[in-house]
Amino acid sequence: MGTESARSILVVAFLQAATALAALSSSPTAALAAGAIGVLAVGRYVAVAYYASTLCSTARAGLRALSASAWMIGLAALLAGVAAVAVRARPALPWAVAAALAGPIGMSLLALGSGIGVLAAERTLNAGGKR
């Protein structure tokens with residue numbers, strides 16, 4: 001895994017911690033649910049980063065299949081965790097869903113911000129060269 005993967009995992013971990021802390025304002029049960037879903041979400045992102053690292057390398061097919069399995073198991077565990085919160089602690093369900101969606105939304109915003117930054121940097125470089 002490279003530095004981009006590590007940065008992405010850190011962003012997701014930070015978002016999960018922030019979500020769990022925000023859920024604490026609702027109730028300790030909501031914070032526990034958001035924290036548990038957050039741990040599953042971070043684990044899934046680690047599995048996704050591992051899978052992505054096997055795609056670009058000369059990794060054997062068995063290693064690639066193992067990493068893909070970890071990714072799918074992580075997604076299934078995340079969905080099962082949200083379902084368990086829905087059954088056992090329904091008032092905490094919005095916080096569990098927020099924790100499940102914090103990673104994808106955060107990564108989308110990170111990608112959007114990075115893309116805008118690259119476009120702005122290219123525009124600045126091109127404008128400077130035309131003077």
# chains A, B, ... in the order shown; residues from 1 in each chain; ligands from 1

$ residues_around --residues "range 93-110 of chain A" --least-positions-apart "6" --cutoff "6 Å" --atoms "only C-alpha atoms" --output "ChimeraX atom specification"
/A:12,33-34,38,85-86

$ write_last_selection --atoms "all heavy atoms" --output "CSV table (one decimal), in the first residue's frame"
chain,number,residue,atom,x,y,z
A,12,VAL,N,-10.5,8.3,6.5
A,12,VAL,CA,-11.7,7.5,6.9
A,12,VAL,C,-11.7,7.3,8.5
A,12,VAL,O,-12.7,7.4,9.1
A,12,VAL,CB,-11.8,6.2,6.2
A,12,VAL,CG1,-12.8,5.3,6.7
A,12,VAL,CG2,-12.0,6.4,4.7
A,33,ALA,N,-22.6,2.3,18.9
A,33,ALA,CA,-23.0,1.8,17.5
A,33,ALA,C,-22.2,2.4,16.4
A,33,ALA,O,-21.7,1.7,15.5
A,33,ALA,CB,-24.5,2.0,17.3
A,34,ALA,N,-22.1,3.8,16.5
A,34,ALA,CA,-21.3,4.4,15.5
A,34,ALA,C,-19.8,4.0,15.5
A,34,ALA,O,-19.2,3.8,14.5
A,34,ALA,CB,-21.4,6.0,15.7
A,38,GLY,N,-17.9,2.1,12.7
A,38,GLY,CA,-16.7,2.8,12.2
A,38,GLY,C,-15.5,1.9,12.1
A,38,GLY,O,-14.7,1.9,11.2
A,85,VAL,N,-27.8,-3.2,14.4
A,85,VAL,CA,-28.2,-2.0,15.1
A,85,VAL,C,-29.6,-1.7,14.9
A,85,VAL,O,-30.4,-1.3,15.8
A,85,VAL,CB,-27.3,-0.8,14.7
A,85,VAL,CG1,-27.8,0.5,15.2
A,85,VAL,CG2,-25.8,-1.0,15.1
A,86,ALA,N,-30.1,-1.9,13.6
A,86,ALA,CA,-31.5,-1.7,13.3
A,86,ALA,C,-32.4,-2.6,14.2
A,86,ALA,O,-33.5,-2.2,14.6
A,86,ALA,CB,-31.8,-1.9,11.9

$ closest_residue --among "A:Ala52, A:Ala31, A:Ala41, A:Ala17" --to "Ser5 in chain A" --atoms "only C-alpha atoms"
A:Ala52

$ closest_residue --among "A:Leu24, A:Leu10, A:Ala120, A:Ala30" --to "Arg88 in chain A" --atoms "only C-alpha atoms"
A:Ala30

$ atom_distance --atom1 "CA of Leu79 in chain A" --atom2 "CA of Gly2 in chain A"
27.5 Å

$ residues_around --residues "Leu63 in chain A" --least-positions-apart "5" --cutoff "12 Å" --atoms "only C-alpha atoms" --output "JSON, numbers by chain"
{"A": [50, 51, 52, 53, 54, 55, 57, 58, 68, 69, 70]}

$ atom_distance --atom1 "CA of Thr19 in chain A" --atom2 "CA of Gly35 in chain A"
7.9 Å

$ residues_around --residues "Ala6 in chain A" --least-positions-apart "6" --cutoff "10 Å" --atoms "only C-alpha atoms" --output "PDB file with N, CA and C atoms, in the first residue's frame"
ATOM      1  N   VAL A  12     -10.510   8.272   6.541  1.00  0.00           N
ATOM      2  CA  VAL A  12     -11.687   7.490   6.945  1.00  0.00           C
ATOM      3  C   VAL A  12     -11.695   7.278   8.456  1.00  0.00           C
ATOM      4  N   TYR A  45     -11.980  -0.405   4.445  1.00  0.00           N
ATOM      5  CA  TYR A  45     -11.097   0.444   3.642  1.00  0.00           C
ATOM      6  C   TYR A  45      -9.674  -0.103   3.594  1.00  0.00           C
ATOM      7  N   VAL A  46      -9.218  -0.726   4.666  1.00  0.00           N
ATOM      8  CA  VAL A  46      -7.906  -1.378   4.644  1.00  0.00           C
ATOM      9  C   VAL A  46      -7.936  -2.521   3.627  1.00  0.00           C
ATOM     10  N   ALA A  49      -7.836  -1.082   0.122  1.00  0.00           N
ATOM     11  CA  ALA A  49      -6.485  -0.625  -0.220  1.00  0.00           C
ATOM     12  C   ALA A  49      -5.583  -1.815  -0.528  1.00  0.00           C
TER      13      ALA A  49
END

$ decode --residues "range 108-121 of chain A" --atoms "N, CA and C atoms" --output "mmCIF file, in the first residue's frame"
data_model
loop_
_atom_site.group_PDB
_atom_site.id
_atom_site.type_symbol
_atom_site.label_atom_id
_atom_site.label_comp_id
_atom_site.auth_asym_id
_atom_site.auth_seq_id
_atom_site.Cartn_x
_atom_site.Cartn_y
_atom_site.Cartn_z
ATOM 1 N N SER A 108 -15.263 10.787 -1.368
ATOM 2 C CA SER A 108 -15.742 11.530 -2.540
ATOM 3 C C SER A 108 -15.347 12.992 -2.450
ATOM 4 N N LEU A 109 -15.506 13.577 -1.259
ATOM 5 C CA LEU A 109 -15.108 14.971 -1.081
ATOM 6 C C LEU A 109 -13.599 15.153 -1.215
ATOM 7 N N LEU A 110 -12.832 14.187 -0.712
ATOM 8 C CA LEU A 110 -11.378 14.243 -0.856
ATOM 9 C C LEU A 110 -10.977 14.172 -2.329
ATOM 10 N N ALA A 111 -11.607 13.284 -3.084
ATOM 11 C CA ALA A 111 -11.304 13.163 -4.514
ATOM 12 C C ALA A 111 -11.712 14.427 -5.261
ATOM 13 N N LEU A 112 -12.867 14.977 -4.920
ATOM 14 C CA LEU A 112 -13.322 16.207 -5.562
ATOM 15 C C LEU A 112 -12.367 17.359 -5.269
ATOM 16 N N GLY A 113 -11.977 17.490 -4.008
ATOM 17 C CA GLY A 113 -11.038 18.549 -3.639
ATOM 18 C C GLY A 113 -9.683 18.387 -4.301
ATOM 19 N N SER A 114 -9.202 17.154 -4.377
ATOM 20 C CA SER A 114 -7.913 16.897 -5.032
ATOM 21 C C SER A 114 -7.993 17.219 -6.519
ATOM 22 N N GLY A 115 -9.086 16.836 -7.150
ATOM 23 C CA GLY A 115 -9.267 17.116 -8.575
ATOM 24 C C GLY A 115 -9.346 18.604 -8.860
ATOM 25 N N ILE A 116 -10.079 19.324 -8.029
ATOM 26 C CA ILE A 116 -10.173 20.773 -8.210
ATOM 27 C C ILE A 116 -8.812 21.416 -8.000
ATOM 28 N N GLY A 117 -8.059 20.918 -7.023
ATOM 29 C CA GLY A 117 -6.716 21.438 -6.778
ATOM 30 C C GLY A 117 -5.793 21.225 -7.964
ATOM 31 N N VAL A 118 -5.856 20.051 -8.574
ATOM 32 C CA VAL A 118 -5.023 19.768 -9.753
ATOM 33 C C VAL A 118 -5.425 20.660 -10.915
ATOM 34 N N LEU A 119 -6.734 20.805 -11.131
ATOM 35 C CA LEU A 119 -7.195 21.674 -12.219
ATOM 36 C C LEU A 119 -6.780 23.119 -11.996
ATOM 37 N N ALA A 120 -6.889 23.597 -10.770
ATOM 38 C CA ALA A 120 -6.498 24.973 -10.465
ATOM 39 C C ALA A 120 -4.996 25.163 -10.634
ATOM 40 N N ALA A 121 -4.213 24.174 -10.246
ATOM 41 C CA ALA A 121 -2.757 24.278 -10.398
ATOM 42 C C ALA A 121 -2.371 24.301 -11.873
#
